[in-house]
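*Asks:* Dropping in run_32.cif, with mmCIF, C-alpha atoms.
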data_entry
loop_
_atom_site.label_atom_id
_atom_site.label_comp_id
_atom_site.auth_asym_id
_atom_site.auth_seq_id
_atom_site.Cartn_x
_atom_site.Cartn_y
_atom_site.Cartn_z
CA MET A 1 22.58 -1.83 1.79
CA VAL A 2 20.34 0.82 3.30
CA THR A 3 16.67 1.69 3.65
CA GLY A 4 15.49 4.38 1.25
CA TYR A 5 12.63 6.80 1.54
CA VAL A 6 10.85 8.96 -1.01
CA TYR A 7 9.53 12.39 -0.11
CA ASP A 8 8.98 15.56 -2.12
CA PRO A 9 7.40 18.87 -1.03
CA ILE A 10 5.14 18.74 -4.10
CA TYR A 11 3.13 16.07 -2.31
CA LEU A 12 1.91 18.76 0.10
CA GLU A 13 0.55 20.82 -2.80
CA HIS A 14 -2.20 18.28 -3.41
CA ASP A 15 -4.58 19.47 -0.73
CA LEU A 16 -8.21 20.28 0.00
CA PRO A 17 -8.71 21.79 3.47
CA GLY A 18 -11.11 19.73 5.56
CA HIS A 19 -10.72 16.61 3.43
CA PRO A 20 -9.56 13.46 5.28
CA GLU A 21 -6.79 12.89 2.72
CA SER A 22 -4.97 16.17 3.37
CA ARG A 23 -1.40 17.44 3.38
CA GLU A 24 -1.45 17.20 7.18
CA ARG A 25 -1.07 13.43 6.90
CA LEU A 26 2.36 13.73 5.35
CA VAL A 27 3.30 16.70 7.56
CA ALA A 28 2.61 14.56 10.64
CA ILE A 29 4.69 11.67 9.29
CA TYR A 30 7.65 13.85 8.40
CA GLN A 31 7.60 15.65 11.75
CA HIS A 32 7.60 12.30 13.54
CA LEU A 33 10.58 11.09 11.51
CA GLU A 34 12.47 14.31 12.31
CA THR A 35 11.64 14.28 16.01
CA ALA A 36 12.49 10.59 16.34
CA GLY A 37 15.84 11.07 14.61
CA LEU A 38 15.05 8.51 11.92
CA LEU A 39 15.88 10.60 8.85
CA PRO A 40 19.71 10.43 9.18
CA ALA A 41 19.50 6.63 9.10
CA LEU A 42 17.58 6.66 5.81
CA MET A 43 18.72 7.18 2.22
CA PRO A 44 16.68 9.86 0.43
CA VAL A 45 15.42 8.79 -2.99
CA ALA A 46 14.62 11.61 -5.40
CA ALA A 47 11.25 11.39 -7.10
CA ARG A 48 10.95 12.00 -10.83
CA PRO A 49 7.75 12.29 -12.86
CA VAL A 50 6.70 8.88 -14.05
CA ALA A 51 7.26 8.29 -17.75
CA LEU A 52 4.00 8.52 -19.66
CA ASP A 53 4.49 5.20 -21.43
CA LEU A 54 4.78 3.53 -18.03
CA LEU A 55 1.74 5.42 -16.73
CA HIS A 56 -0.21 4.29 -19.79
CA ALA A 57 0.66 0.67 -19.02
CA VAL A 58 -1.84 1.03 -16.15
CA HIS A 59 -4.10 3.99 -17.04
CA SER A 60 -5.80 4.99 -20.26
CA GLU A 61 -4.59 8.08 -22.09
CA PRO A 62 -8.06 9.71 -21.98
CA TYR A 63 -8.14 9.37 -18.19
CA ARG A 64 -4.62 10.77 -17.76
CA ALA A 65 -5.46 13.71 -20.02
CA ALA A 66 -8.67 14.39 -18.10
CA VAL A 67 -6.74 14.69 -14.81
CA GLU A 68 -4.22 17.01 -16.46
CA ARG A 69 -6.96 19.25 -17.91
CA LEU A 70 -8.83 19.44 -14.63
CA ALA A 71 -5.66 20.54 -12.83
CA GLU A 72 -4.92 23.11 -15.53
CA ARG A 73 -8.39 24.60 -14.97
CA GLY A 74 -7.60 25.04 -11.28
CA GLY A 75 -9.07 21.79 -10.00
CA GLY A 76 -12.34 20.13 -9.22
CA HIS A 77 -13.65 16.67 -8.36
CA LEU A 78 -13.41 13.34 -10.17
CA ASP A 79 -16.16 12.06 -7.86
CA PRO A 80 -17.58 13.30 -4.55
CA ASP A 81 -14.61 11.84 -2.63
CA THR A 82 -11.73 12.52 -5.01
CA TYR A 83 -10.42 16.01 -5.60
CA VAL A 84 -7.93 17.59 -7.97
CA CYS A 85 -6.32 20.95 -7.35
CA ARG A 86 -3.94 23.07 -9.41
CA ARG A 87 -0.80 21.01 -8.67
CA SER A 88 -2.45 17.61 -8.20
CA TYR A 89 -1.48 16.31 -11.62
CA GLU A 90 2.16 17.21 -11.07
CA ALA A 91 2.06 15.69 -7.58
CA ALA A 92 0.46 12.50 -8.90
CA LEU A 93 3.12 12.09 -11.58
CA LEU A 94 5.82 12.49 -8.94
CA ALA A 95 4.02 10.14 -6.55
CA ALA A 96 3.94 7.34 -9.10
CA GLY A 97 7.46 8.22 -10.21
CA GLY A 98 8.65 8.19 -6.60
CA VAL A 99 7.47 4.62 -6.06
CA VAL A 100 9.11 3.64 -9.35
CA GLU A 101 12.41 5.21 -8.26
CA ALA A 102 12.28 3.38 -4.92
CA THR A 103 11.59 0.12 -6.74
CA ALA A 104 14.42 0.77 -9.18
CA GLY A 105 16.83 1.37 -6.30
CA VAL A 106 15.85 -1.88 -4.62
CA LEU A 107 16.10 -3.88 -7.87
CA ALA A 108 19.50 -2.38 -8.63
CA GLY A 109 20.80 -3.32 -5.20
CA ALA A 110 21.45 0.27 -4.15
CA LEU A 111 18.75 -0.10 -1.46
CA ARG A 112 17.85 -3.07 0.67
CA ASN A 113 14.27 -1.86 1.00
CA ALA A 114 12.33 1.39 0.85
CA PHE A 115 9.23 3.33 1.87
CA ALA A 116 7.67 5.81 -0.57
CA LEU A 117 6.02 8.61 1.44
CA VAL A 118 3.89 9.83 -1.43
CA ARG A 119 0.56 11.56 -2.01
CA PRO A 120 -1.97 11.36 -3.57
CA PRO A 121 -2.48 7.68 -2.74
CA GLY A 122 -3.20 5.20 -5.49
CA HIS A 123 -4.70 1.78 -4.84
CA HIS A 124 -8.30 2.72 -5.71
CA ALA A 125 -7.39 4.26 -9.08
CA THR A 126 -8.56 1.93 -11.85
CA PRO A 127 -7.30 1.97 -15.44
CA GLN A 128 -10.17 4.25 -16.47
CA ARG A 129 -10.88 6.45 -13.45
CA GLY A 130 -9.69 7.89 -10.17
CA MET A 131 -11.71 7.29 -7.02
CA GLY A 132 -11.39 6.88 -3.27
CA PHE A 133 -8.96 9.83 -2.90
CA CYS A 134 -6.64 8.24 -5.53
CA LEU A 135 -5.49 9.64 -8.88
CA PHE A 136 -2.86 7.30 -10.36
CA ASN A 137 -2.21 3.79 -9.05
CA ASN A 138 1.30 4.15 -7.68
CA VAL A 139 1.88 0.54 -6.65
CA ALA A 140 0.48 -0.88 -9.91
CA ILE A 141 2.72 1.42 -11.94
CA ALA A 142 5.75 0.35 -9.90
CA ALA A 143 4.82 -3.29 -10.52
CA GLN A 144 4.62 -2.61 -14.25
CA TYR A 145 8.09 -1.05 -14.08
CA ALA A 146 9.46 -4.14 -12.34
CA LEU A 147 7.84 -6.44 -14.92
CA THR A 148 8.91 -4.53 -18.02
CA GLN A 149 12.15 -2.72 -17.21
CA GLY A 150 13.17 -4.85 -14.24
CA LYS A 151 12.51 -8.04 -16.25
CA LEU A 152 10.82 -9.76 -13.30
CA HIS A 153 8.26 -12.52 -13.72
CA ARG A 154 6.60 -12.81 -10.30
CA ILE A 155 5.64 -9.91 -8.03
CA LEU A 156 3.67 -10.12 -4.80
CA ILE A 157 1.58 -7.07 -3.89
CA VAL A 158 0.31 -7.04 -0.30
CA ASP A 159 -2.38 -4.46 0.45
CA PHE A 160 -3.24 -4.04 4.15
CA ASP A 161 -5.20 -0.82 3.82
CA VAL A 162 -8.61 -1.10 5.50
CA HIS A 163 -10.24 -0.47 2.10
CA HIS A 164 -10.01 -2.95 -0.76
CA GLY A 165 -7.43 -2.06 -3.40
CA ASN A 166 -9.90 -2.36 -6.26
CA GLY A 167 -7.74 -0.42 -8.70
CA THR A 168 -4.72 -2.66 -8.17
CA GLN A 169 -6.92 -5.72 -8.50
CA ALA A 170 -8.33 -4.42 -11.78
CA ALA A 171 -4.85 -3.75 -13.18
CA PHE A 172 -3.71 -7.36 -12.72
CA TYR A 173 -6.92 -9.41 -12.56
CA ALA A 174 -6.00 -11.39 -15.67
CA ASP A 175 -2.22 -11.46 -15.07
CA ASP A 176 -0.37 -14.32 -13.36
CA ARG A 177 2.80 -12.23 -13.08
CA VAL A 178 1.33 -10.46 -10.04
CA LEU A 179 -0.10 -12.16 -6.97
CA PHE A 180 -2.39 -9.58 -5.37
CA PHE A 181 -3.20 -10.20 -1.69
CA SER A 182 -5.60 -7.81 0.04
CA THR A 183 -6.86 -7.66 3.62
CA HIS A 184 -9.74 -5.22 4.07
CA GLN A 185 -12.95 -4.57 5.97
CA TYR A 186 -15.98 -5.94 4.16
CA PRO A 187 -18.57 -4.77 3.39
CA HIS A 188 -17.00 -1.33 3.30
CA TYR A 189 -15.89 1.16 0.66
CA PRO A 190 -15.49 0.53 -2.28
CA GLY A 191 -17.72 -2.55 -1.97
CA THR A 192 -15.41 -4.90 -3.88
CA GLY A 193 -12.99 -7.56 -2.66
CA TYR A 194 -15.23 -10.51 -1.81
CA TRP A 195 -13.48 -13.86 -1.41
CA ASN A 196 -14.78 -15.18 -4.74
CA GLU A 197 -12.97 -12.46 -6.72
CA THR A 198 -9.94 -14.58 -7.56
CA GLY A 199 -8.86 -13.47 -11.04
CA GLU A 200 -9.70 -14.51 -14.57
CA GLY A 201 -7.93 -16.09 -17.53
CA ARG A 202 -4.21 -16.38 -16.88
CA GLY A 203 -4.79 -14.54 -13.62
CA GLU A 204 -7.27 -17.03 -12.16
CA GLY A 205 -6.13 -17.80 -8.61
CA TYR A 206 -3.67 -14.90 -8.47
CA THR A 207 -6.03 -12.48 -6.72
CA VAL A 208 -6.54 -13.32 -3.05
CA ASN A 209 -9.11 -11.26 -1.16
CA VAL A 210 -9.51 -11.51 2.60
CA PRO A 211 -12.82 -9.72 3.34
CA LEU A 212 -12.70 -9.17 7.10
CA PRO A 213 -15.72 -8.29 9.23
CA ALA A 214 -15.53 -5.26 11.47
CA GLY A 215 -13.74 -5.94 14.74
CA VAL A 216 -10.92 -8.19 13.54
CA GLY A 217 -7.66 -7.07 15.12
CA ASP A 218 -4.10 -8.19 15.82
CA ALA A 219 -4.82 -11.90 16.39
CA GLY A 220 -6.93 -12.16 13.24
CA PHE A 221 -4.35 -10.42 11.08
CA ARG A 222 -1.64 -12.66 12.46
CA LEU A 223 -3.70 -15.72 11.53
CA VAL A 224 -4.29 -14.34 8.02
CA PHE A 225 -0.60 -13.65 7.45
CA GLU A 226 0.67 -16.93 8.89
CA ARG A 227 -1.99 -19.29 7.50
CA LEU A 228 -2.74 -17.61 4.17
CA LEU A 229 -0.14 -15.13 3.03
CA GLN A 230 2.93 -17.15 3.99
CA PRO A 231 1.99 -20.42 2.26
CA LEU A 232 0.71 -18.59 -0.81
CA ALA A 233 3.95 -16.61 -1.05
CA LEU A 234 6.04 -19.75 -0.58
CA ARG A 235 4.13 -21.41 -3.40
CA TYR A 236 4.41 -18.36 -5.67
CA GLN A 237 8.11 -17.53 -5.00
CA PRO A 238 7.97 -13.76 -5.73
CA GLU A 239 11.03 -11.90 -6.91
CA LEU A 240 9.85 -8.65 -5.30
CA ILE A 241 7.28 -7.68 -2.68
CA LEU A 242 5.39 -4.39 -2.97
CA VAL A 243 3.16 -3.20 -0.12
CA SER A 244 0.20 -0.83 -0.21
CA ALA A 245 0.48 0.37 3.37
CA GLY A 246 -2.68 1.83 4.83
CA TYR A 247 -2.76 2.58 8.56
CA ASP A 248 -6.55 3.00 8.66
CA ALA A 249 -7.20 -0.51 10.01
CA HIS A 250 -6.12 0.82 13.41
CA TRP A 251 -8.78 0.60 16.12
CA ASP A 252 -8.97 4.40 16.52
CA ASP A 253 -9.06 5.39 12.85
CA PRO A 254 -12.15 7.51 12.14
CA LEU A 255 -13.05 5.97 8.75
CA ALA A 256 -13.32 2.24 9.49
CA GLY A 257 -13.86 -0.44 12.11
CA LEU A 258 -11.04 -2.98 12.24
CA ARG A 259 -9.05 -3.27 15.46
CA LEU A 260 -5.37 -3.41 14.65
CA SER A 261 -2.96 -1.80 17.09
CA LEU A 262 0.33 -0.13 16.26
CA ALA A 263 2.04 -3.18 17.73
CA GLY A 264 0.03 -5.29 15.27
CA TYR A 265 1.17 -3.12 12.37
CA ALA A 266 4.79 -3.47 13.48
CA TRP A 267 4.37 -7.24 13.64
CA MET A 268 3.05 -7.27 10.06
CA SER A 269 6.03 -5.18 8.93
CA ARG A 270 8.45 -7.62 10.57
CA PHE A 271 6.60 -10.52 8.94
CA LEU A 272 6.92 -8.93 5.49
CA VAL A 273 10.63 -8.20 6.01
CA SER A 274 11.18 -11.83 7.00
CA LEU A 275 9.19 -13.05 4.01
CA ALA A 276 11.19 -10.85 1.65
CA ASP A 277 14.45 -12.01 3.19
CA GLU A 278 13.44 -15.64 2.69
CA LEU A 279 12.03 -15.37 -0.82
CA CYS A 280 13.49 -12.44 -2.74
CA ALA A 281 16.79 -11.30 -1.19
CA GLY A 282 15.00 -8.75 1.01
CA ARG A 283 13.57 -6.79 -1.94
CA LEU A 284 10.64 -4.95 -0.38
CA VAL A 285 9.02 -1.58 -1.14
CA PHE A 286 6.24 0.03 0.90
CA THR A 287 4.11 2.82 -0.47
CA LEU A 288 1.74 5.00 1.55
CA GLU A 289 -1.99 4.58 1.10
CA GLY A 290 -4.57 5.45 3.81
CA GLY A 291 -4.56 6.31 7.50
CA TYR A 292 -6.53 9.23 8.92
CA HIS A 293 -5.68 9.37 12.63
CA LEU A 294 -2.59 11.57 12.42
CA ASP A 295 -0.81 10.28 15.53
CA VAL A 296 -1.44 6.67 14.53
CA LEU A 297 -0.35 7.32 10.96
CA ALA A 298 2.88 9.02 11.98
CA ALA A 299 3.82 6.39 14.57
CA GLY A 300 2.77 3.55 12.26
CA VAL A 301 4.98 4.73 9.41
CA GLY A 302 7.79 5.42 11.87
CA ASN A 303 7.53 1.89 13.25
CA THR A 304 7.54 0.38 9.77
CA LEU A 305 10.71 2.30 8.98
CA ARG A 306 12.27 1.13 12.26
CA VAL A 307 11.52 -2.44 11.23
CA LEU A 308 12.93 -1.87 7.73
CA LEU A 309 16.08 -0.49 9.37
CA GLY A 310 16.38 -3.60 11.53
CA GLN A 311 15.77 -1.86 14.85
CA GLY A 312 14.43 -3.93 17.74
CA ASP A 313 11.13 -3.84 19.55
CA ALA A 314 12.45 -1.46 22.20
CA GLN A 315 12.49 1.35 19.62
CA LEU A 316 8.85 0.89 18.56
CA VAL A 317 6.26 3.52 19.49
CA ASP A 318 2.65 2.77 20.46
CA PRO A 319 1.06 5.75 22.24
CA LEU A 320 -2.49 4.36 22.03
CA GLY A 321 -1.89 0.75 23.08
CA PRO A 322 -4.07 -2.26 22.28
CA ALA A 323 -7.67 -2.03 21.16
CA PRO A 324 -9.97 -1.50 24.15
CA PHE A 325 -12.56 -3.84 22.61
CA GLN A 326 -12.89 -7.58 22.19
CA GLU A 327 -11.53 -8.68 18.82
CA GLN A 328 -13.67 -10.69 16.42
CA PRO A 329 -12.28 -14.05 15.24
CA ALA A 330 -11.17 -14.77 11.69
CA ASP A 331 -10.69 -18.54 11.99
CA GLU A 332 -13.62 -19.66 9.83
CA LEU A 333 -12.81 -17.18 7.08
CA VAL A 334 -9.16 -18.25 6.99
CA ALA A 335 -10.12 -21.93 6.89
CA HIS A 336 -12.50 -21.23 4.00
CA LEU A 337 -9.89 -19.26 2.06
CA ARG A 338 -7.33 -22.01 2.53
CA ARG A 339 -9.75 -24.38 0.82
CA VAL A 340 -10.55 -21.89 -1.95
CA HIS A 341 -6.86 -21.39 -2.75
CA GLY A 342 -5.80 -25.01 -2.51
CA LEU A 343 -3.77 -24.86 0.69
CA ASN A 344 -5.29 -27.88 2.44
CA ALA A 345 -4.03 -30.52 0.03
#
Turn this file's structure into structure tokens for me.
*Replies:*
Amino acid sequence: MVTGYVYDPIYLEHDLPGHPESRERLVAIYQHLETAGLLPALMPVAARPVALDLLHAVHSEPYRAAVERLAERGGGHLDPDTYVCRRSYEAALLAAGGVVEATAGVLAGALRNAFALVRPPGHHATPQRGMGFCLFNNVAIAAQYALTQGKLHRILIVDFDVHHGNGTQAAFYADDRVLFFSTHQYPHYPGTGYWNETGEGRGEGYTVNVPLPAGVGDAGFRLVFERLLQPLALRYQPELILVSAGYDAHWDDPLAGLRLSLAGYAWMSRFLVSLADELCAGRLVFTLEGGYHLDVLAAGVGNTLRVLLGQGDAQLVDPLGPAPFQEQPADELVAHLRRVHGLNA
């Protein structure tokens, strides 16, 4: 049982010079993995274009076709933040397909766990539109694969990107087969993810939003994971855990204002590995979302892979250290959310 990783050079072809979500993000990650000697310990997982029927389980056909046409014309913008270039459609199909392949390997038992190093990211992409740098919702598509072809009934998606995963929420808002748990800075882009967004119909109670104020750091995240995520996961009993991994909640990321450190990110990764070991035979798949400080992003992904490989704390890398600011508490928010989600009975 090994740790797999997904990477394909096509992911570098989706690029707009000067844009925060650039090819340099993945270049920095891959260079770190090479320099640190991590690649030989990992199992490469080949990406394949996602099947269109699986893509259409999350996204409408008119939206998919619009992305394809825009790429064929040489590119353009879906909105002021979200670009498409000539090979973006191909890259997006392989990004979603890469997360599906990683998930398939974990479900088949060929991999213990995996990290999909894919671009463009996905968690803001809704069924009808791309936004927030995202084209197709990679983690939602992988969840659909696990539900339909993997025959699973309960999937936990944990999203610790600093921005709310509004697209993933929209995909499963009325579906009790996915428990969606999101930590994010609020109010912040995209403006969704308040605590009272908890699902509807069959999905009521299966969306859990943790809208954090600016300044919450390692201690607050630890409280959220231990007092909210763990009891909710124990109650839900997922058969697979998928993670939208954004490293932009770090205290030195240029696009947000939470105060996680790289040590805090490594702690969260260890927590998720332990949770997967306890609840679903270790079945755990990370997929890359945000993170715009290149050194933080590279070290953060490297540390997550070290944790997935079972390496100890001595191997972890934290060149920036703890946040040089006082962290804001999250105690009252966590206590409120425990009441909202029935954890105090």
*Asks:* Taking 3 positions as the minimum chain separation for residues in the same chain, which residues sit within 9 Å of stretch 68-75 of chain A when counting only C-alpha atoms? Answer as a PyMOL selection string.
*Replies:* chain A and resi 63-65+78+83-90
*Asks:* Neighbours of A:His59 within 10 Å (only C-alpha atoms; same-chain residues fewer than 3 positions away dropped), as a VMD selection string?
*Replies:* chain A and resid 52 to 56 62 to 64 125 to 130 136 to 137 140 to 141 171
*Asks:* For the structure shown, which residues end up in the PyMOL selection byres ((chain A and resi 151) around 12)? Put them as a list in words, please?
*Replies:*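 Taken over the shown coordinates, the PyMOL selection byres ((chain A and resi 151) around 12) returns Ala104, Leu107, Ala108, Ala143, Gln144, Tyr145, Ala146, Leu147, Thr148, Gln149, Gly150, Leu152, His153, Arg154, Ile155, Arg177, Glu239 and Leu240 of chain A.
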*Asks:* Evaluate the PyMOL selection byres ((chain A and resi 189) around 12) here and jot the selected residues down as JSON, numbers by chain.
*Replies:* {"A": [81, 124, 131, 132, 133, 161, 162, 163, 164, 165, 166, 184, 185, 186, 187, 188, 190, 191, 192, 193, 194, 211, 255, 256, 257]}
*Asks:* Apply the PyMOL selection byres ((chain A and resi 93) around 8) to the file shown and report the selected residues as a ChimeraX atom specification.
*Replies:* /A:48-50,89-92,94-97,136
*Asks:* Counting all atoms listed in the file, figure out which residue out of A:Gly290, A:Pro254, A:Pro9, A:Gly220 gets nearest to A:Glu21.
*Replies:* A:Gly290
*Asks:* Select, from A:Gly122, A:Tyr206, A:Asn113, A:Gly342, the residue with the minimum atom-to-atom distance to A:Asp277, counting all atoms listed in the file.
*Replies:* A:Asn113
*Asks:* So what do you get for atom CA of A:Ala298 versus atom CA of A:Gly76, distance-wise?
*Replies:*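 One can read the atom CA of A:Ala298 to atom CA of A:Gly76 distance as 28.4 Å.
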*Asks:* Pick out the closest residue to A:Gly264 from this set: A:Asn138, A:Asn303, A:Thr198, A:Gln237. Count all atoms listed in the file.
*Replies:*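 Result for the nearest residue to A:Gly264: A:Asn303.
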*Asks:* Take the point (-3.1, -11.0, 15.3) in the file's coordinates, draw a sphere of radius 10 Å around it, and report as a list in words every protein, DNA or RNA residue with an atom inside or on it, counting only C-alpha atoms.
*Replies:* Val216, Gly217, Asp218, Ala219, Gly220, Phe221, Arg222, Leu223, Val224, Phe225, Glu226, Arg259, Leu260, Ser261, Ala263, Gly264, Tyr265, Trp267, Met268, Glu327, Pro329 and Ala330 of chain A
*Asks:* Give as a PyMOL selection string the set of residues within 10 Å of the point (-6.8, -12.4, -20.3), where distances use the file's coordinates and only C-alpha atoms.
*Replies:* chain A and resi 172-176+199-204
*Asks:* Pick the closest to A:Gly302 from A:Asp248, A:Asp318, A:Asp331, A:Asp79: which is it, counting only C-alpha atoms?
*Replies:*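 Closest candidate: A:Asp318.
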*Asks:* Can you work out the spacing between atom CA of A:Pro238 and atom CA of A:Val139 in Å, to one decimal?
*Replies:*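 It comes out at 15.6 Å.
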*Asks:* Could you tell me how far atom CA of A:Gln169 lies from atom CA of A:Ala66, in Å and to one decimal?
*Replies:*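 Value for the atom CA of A:Gln169-atom CA of A:Ala66 distance: 22.4 Å.
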*Asks:* For each of A:His77, A:Leu12, A:Leu111, A:Tyr30, take the minimum atom-to-atom distance to A:Val45, counting all atoms listed in the file, then give the residue where this is smallest.
*Replies:* A:Leu111
*Asks:* Counting only C-alpha atoms, which residue out of A:Ala281, A:Leu156, A:Leu228, A:Leu272 sits closest to A:Leu343?
*Replies:*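 Result for the nearest residue to A:Leu343: A:Leu228.
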*Asks:* Draw an axis-aligned box tight on the listed atoms of stretch 181-200 of chain A, then pad every side by 8 Å and write out centre and edge lengths in Å to one decimal as JSON.
*Replies:*
{"center_x": -10.9, "center_y": -7.0, "center_z": -4.3, "size_x": 31.4, "size_y": 32.3, "size_z": 36.5}
